[in-house]
Amino acid sequence: MAAPVLRWSCVGKRWVLACIDGGSRHGRGAAIGFTSRRKRGQSSVAQQPLITAQKSRKGEHEWAAVVGLEIHAQISSNSKLFSGSQVHFAAPPNSLVSFFDASLPGTLPVLNRRCVEAAVMTGLALNCRINKKSLFDRKHYFYADLPAGYQITQQRLPIAVNGSLAYSVCVGKKPSQVSTKTVRIKQIQLEQDSGKSLHDEPRSQTLIDLNRAGVGLLEVVLEPDMSCGEEAASAVRELQLILQALGTSQANMAEGQLRVDANISVHHPGEPLGVRTEVKNLNSARFLAKAIDFEIERQIHELENGRKILNETRSFDYKLGCTMPMRDKEGKQDYRFMPEPNLPPLLLHDTASLPPGADPQQVINIDWIREQLPELPSETREKLIQQYGMLPEHSFALLNEVGLLEFFQNVIKETRAEPKKVTSWVLNIFLGFLKQQNLTVNESPVTPSALAELLNLLDRKAISSSAAKQVFEELWRSKGKTPSQIVSEKKLELMQDQEALERVCHTVMEGHPQVFLSLKVMDVKRGNPRAINKLIGLVRKATLNRADPTVIKKILERKLSS
């Protein structure tokens, strides 16, 4: 079967979607590669949206990109993975460090039950097979913020394996042109986080903060089934939503609770995979997409100019928009993995294998956790589409902003307005104001009740659409006022007196004879909107926008026809 690839078009400088026969394999599955067509020596530019395929030209070369991810999510837990130290973001340096976290001799690890349950729940949500027996290992490497000289992880037998993550990616210029893809999950493992190094360059010294040392992490390893930055970013966004829905991680990338390492390589379709580079510690989906796309183009540029790709670790400079070398990985690092001698095998049970008379506090039941799984984002989106007739892109927008779905649902409960109108106001007006002020939903000065009341006024035609926007702006500025109070103070009610409105229309028509005479009665009768819009605007201006444009139009059409 032909595999989709991405080609680089020299004309117009953009990526194009095409299909090629055959393909390469990475690990156990076929890698779906996006290829790039470009002339030798051509400079790289940013990736553009996928469009229709174009024909190859002589002298051009196809490239396929392969992308895999390692995602580290901080587990939502009150204490660390193997110690009782509390977990708080932005606490004073070295204020949340136990003897075990500092690796003092004689201290022993005690496994945190909450972290194990979070790992099992995440594995189930991601369609993984949960291993009833998993093992802990020591991964040895020296770094200043790793006091023990090793990290406790699960290299040999992790807690969950062989899962999958479905995500949606835009494949066209329109938001509605969405394709659903799936990336395989190799494994999910529990491991410790390291401390944090703070580099004080003016003083030429490095300070160590061990507050983060020993915090529980879920490492989710995605197979290299992706082929561009947008795919990787979409997969990470979907995983972020799933973790937040489960409550297993807050997954706040700005606070370092979700960090991504990307492995990237390019090759000619049908040939062996190329040498890969790793871009470390990406803490933004947008930067992840930019880093991957830049690295793909950089590797293609290097190879087409006769140079080799080094097996190295790189970082992404978001200010320059490029990746920078950190350290080379040509010599394979020996982490000297060994079984963790201070932790026995982690044993889990299902209902069938649960020991009789077992203490529920000492046993973790996989089936019980499966029953506690909440509604996942994909199910929520489908429900929104079915229940409210919502467009798929609108369901994505509601879930992508933390707290926005709950805000929308609270507005729906309190208003008589149509769901379509509520969706429009929440996504266009409300979310637009949030973005302008750089606020979260929880920081909004406008409550769901206030917006619901405003939409009720609009629904019963007490105010016009333009007046409703004025009221919303006033709500945003004047916390504590209700929409009804603002309408009354600003005198924004629609004119209900039909005779008074007819007199205003008559006065406007008499006062602007040039506009009146220029109108063609036939245009009005045929429904030409431009023929009467100017008069409508003049009437609305005369009524201080307090007249319903639909009513004005009917009155004017009747007068013009007579």
# chains A, B, ... in the order shown; residues from 1 in each chain; ligands from 1

call {"tool": "residues_around", "arguments": {"residues": "region 289-291 of chain A", "least_positions_apart": "6", "cutoff": "9 Å", "atoms": "only C-alpha atoms", "output": "NGL selection string"}}
result
:A and (46-47 or 228-234 or 262 or 279 or 282 or 315-318 or 321-323)

call {"tool": "select_by_dssp", "arguments": {"residues": "region 229-427 of chain A", "states": "strand (DSSP E or B)", "output": "MDAnalysis selection string"}}
result
chainID A and resid 258:267 277:282 312:317 322:328 338:339 346:347 349 365

call {"tool": "residues_around", "arguments": {"residues": "Leu124 (chain A)", "least_positions_apart": "6", "cutoff": "12 Å", "atoms": "only C-alpha atoms", "output": "list of chain:residue names"}}
result
A:Glu117, A:Ala118, A:Ile130, A:Asn131, A:Ile159, A:Ala160, A:Val161, A:Asn162, A:Gly163, A:Ser164, A:Leu165, A:Ile185, A:Gln187, A:Ile188, A:Ile242, A:Leu243, A:Leu246, A:Thr248, A:Ile366, A:Asp367, A:Trp368, A:Ile369, A:Arg370, A:Glu371, A:Gln372, A:Leu373, A:Pro374, A:Leu376

call {"tool": "closest_residue", "arguments": {"among": "A:Thr351, A:Gln333, A:Gln189, A:Asn365", "to": "Val220 (chain A)", "atoms": "only C-alpha atoms"}}
result
A:Gln189

call {"tool": "residues_around", "arguments": {"residues": "Leu475 (chain A)", "least_positions_apart": "5", "cutoff": "10 Å", "atoms": "only C-alpha atoms", "output": "tab-separated table (two decimals) with all heavy atoms, in the first residue's frame"}}
result
chain	number	residue	atom	x	y	z
A	445	PRO	N	-12.82	38.10	34.65
A	445	PRO	CA	-13.75	38.92	35.44
A	445	PRO	C	-15.21	38.66	35.10
A	445	PRO	O	-16.10	39.08	35.84
A	445	PRO	CB	-13.34	40.36	35.08
A	445	PRO	CG	-12.73	40.24	33.73
A	445	PRO	CD	-12.07	38.90	33.67
A	446	VAL	N	-15.48	38.00	33.99
A	446	VAL	CA	-16.84	37.68	33.57
A	446	VAL	C	-17.16	36.25	33.98
A	446	VAL	O	-16.48	35.30	33.57
A	446	VAL	CB	-17.03	37.86	32.05
A	446	VAL	CG1	-18.45	37.47	31.63
A	446	VAL	CG2	-16.74	39.30	31.64
A	447	THR	N	-18.21	36.08	34.78
A	447	THR	CA	-18.60	34.75	35.25
A	447	THR	C	-19.56	34.08	34.26
A	447	THR	O	-20.17	34.77	33.43
A	447	THR	CB	-19.31	34.85	36.61
A	447	THR	OG1	-20.54	35.60	36.43
A	447	THR	CG2	-18.44	35.56	37.63
A	450	ALA	N	-22.99	35.68	34.47
A	450	ALA	CA	-23.11	36.99	33.82
A	450	ALA	C	-23.26	36.84	32.31
A	450	ALA	O	-24.09	37.52	31.69
A	450	ALA	CB	-21.88	37.84	34.15
A	451	LEU	N	-22.47	35.96	31.71
A	451	LEU	CA	-22.57	35.75	30.27
A	451	LEU	C	-23.93	35.13	29.91
A	451	LEU	O	-24.54	35.50	28.89
A	451	LEU	CB	-21.43	34.87	29.77
A	451	LEU	CG	-21.40	34.61	28.26
A	451	LEU	CD1	-21.38	35.90	27.47
A	451	LEU	CD2	-20.20	33.74	27.88
A	454	LEU	N	-26.51	37.84	29.93
A	454	LEU	CA	-26.35	38.68	28.73
A	454	LEU	C	-26.96	38.00	27.51
A	454	LEU	O	-27.65	38.63	26.70
A	454	LEU	CB	-24.87	38.97	28.51
A	454	LEU	CG	-24.49	39.73	27.24
A	454	LEU	CD1	-25.17	41.09	27.19
A	454	LEU	CD2	-22.97	39.90	27.14
A	469	LYS	N	-22.30	43.39	22.74
A	469	LYS	CA	-20.83	43.47	22.80
A	469	LYS	C	-20.38	44.62	23.69
A	469	LYS	O	-19.38	44.51	24.41
A	469	LYS	CB	-20.27	43.59	21.39
A	469	LYS	CG	-20.44	42.32	20.57
A	469	LYS	CD	-19.97	42.48	19.14
A	469	LYS	CE	-20.23	41.19	18.35
A	469	LYS	NZ	-19.86	41.32	16.94
A	470	GLN	N	-21.14	45.74	23.64
A	470	GLN	CA	-20.82	46.87	24.54
A	470	GLN	C	-21.00	46.46	26.00
A	470	GLN	O	-20.18	46.80	26.86
A	470	GLN	CB	-21.73	48.06	24.23
A	470	GLN	CG	-21.48	48.73	22.89
A	470	GLN	CD	-22.44	49.89	22.68
A	470	GLN	OE1	-22.58	50.75	23.53
A	470	GLN	NE2	-23.09	49.90	21.52
A	480	GLY	N	-18.72	43.14	39.20
A	480	GLY	CA	-19.77	43.33	40.20
A	480	GLY	C	-21.09	43.79	39.61
A	480	GLY	O	-22.14	43.60	40.21
A	481	LYS	N	-21.06	44.41	38.44
A	481	LYS	CA	-22.29	44.85	37.79
A	481	LYS	C	-22.91	43.69	37.01
A	481	LYS	O	-22.21	42.84	36.48
A	481	LYS	CB	-22.01	46.02	36.84
A	481	LYS	CG	-21.69	47.32	37.55
A	481	LYS	CD	-21.58	48.45	36.54
A	481	LYS	CE	-21.29	49.77	37.22
A	481	LYS	NZ	-21.21	50.89	36.25
A	482	THR	N	-24.24	43.70	36.91
A	482	THR	CA	-24.93	42.69	36.12
A	482	THR	C	-25.22	43.25	34.74
A	482	THR	O	-25.26	44.48	34.55
A	482	THR	CB	-26.26	42.28	36.78
A	482	THR	OG1	-27.15	43.41	36.76
A	482	THR	CG2	-26.03	41.83	38.22
A	483	PRO	N	-25.43	42.41	33.74
A	483	PRO	CA	-25.76	42.90	32.40
A	483	PRO	C	-27.00	43.81	32.39
A	483	PRO	O	-27.03	44.82	31.70
A	483	PRO	CB	-26.01	41.62	31.60
A	483	PRO	CG	-25.17	40.60	32.29
A	483	PRO	CD	-25.22	40.96	33.74
A	486	ILE	N	-26.11	47.30	33.53
A	486	ILE	CA	-25.35	48.03	32.51
A	486	ILE	C	-26.28	48.49	31.39
A	486	ILE	O	-26.18	49.63	30.92
A	486	ILE	CB	-24.22	47.14	31.96
A	486	ILE	CG1	-23.20	46.84	33.07
A	486	ILE	CG2	-23.53	47.80	30.77
A	486	ILE	CD1	-22.17	45.79	32.70

call {"tool": "closest_residue", "arguments": {"among": "A:Asp200, A:Asp145, A:Glu375, A:Glu443", "to": "Leu404 (chain A)", "atoms": "only C-alpha atoms"}}
result
A:Glu443

call {"tool": "closest_residue", "arguments": {"among": "A:His72, A:Arg212, A:His301, A:Arg558", "to": "Ser95 (chain A)", "atoms": "only C-alpha atoms"}}
result
A:Arg212
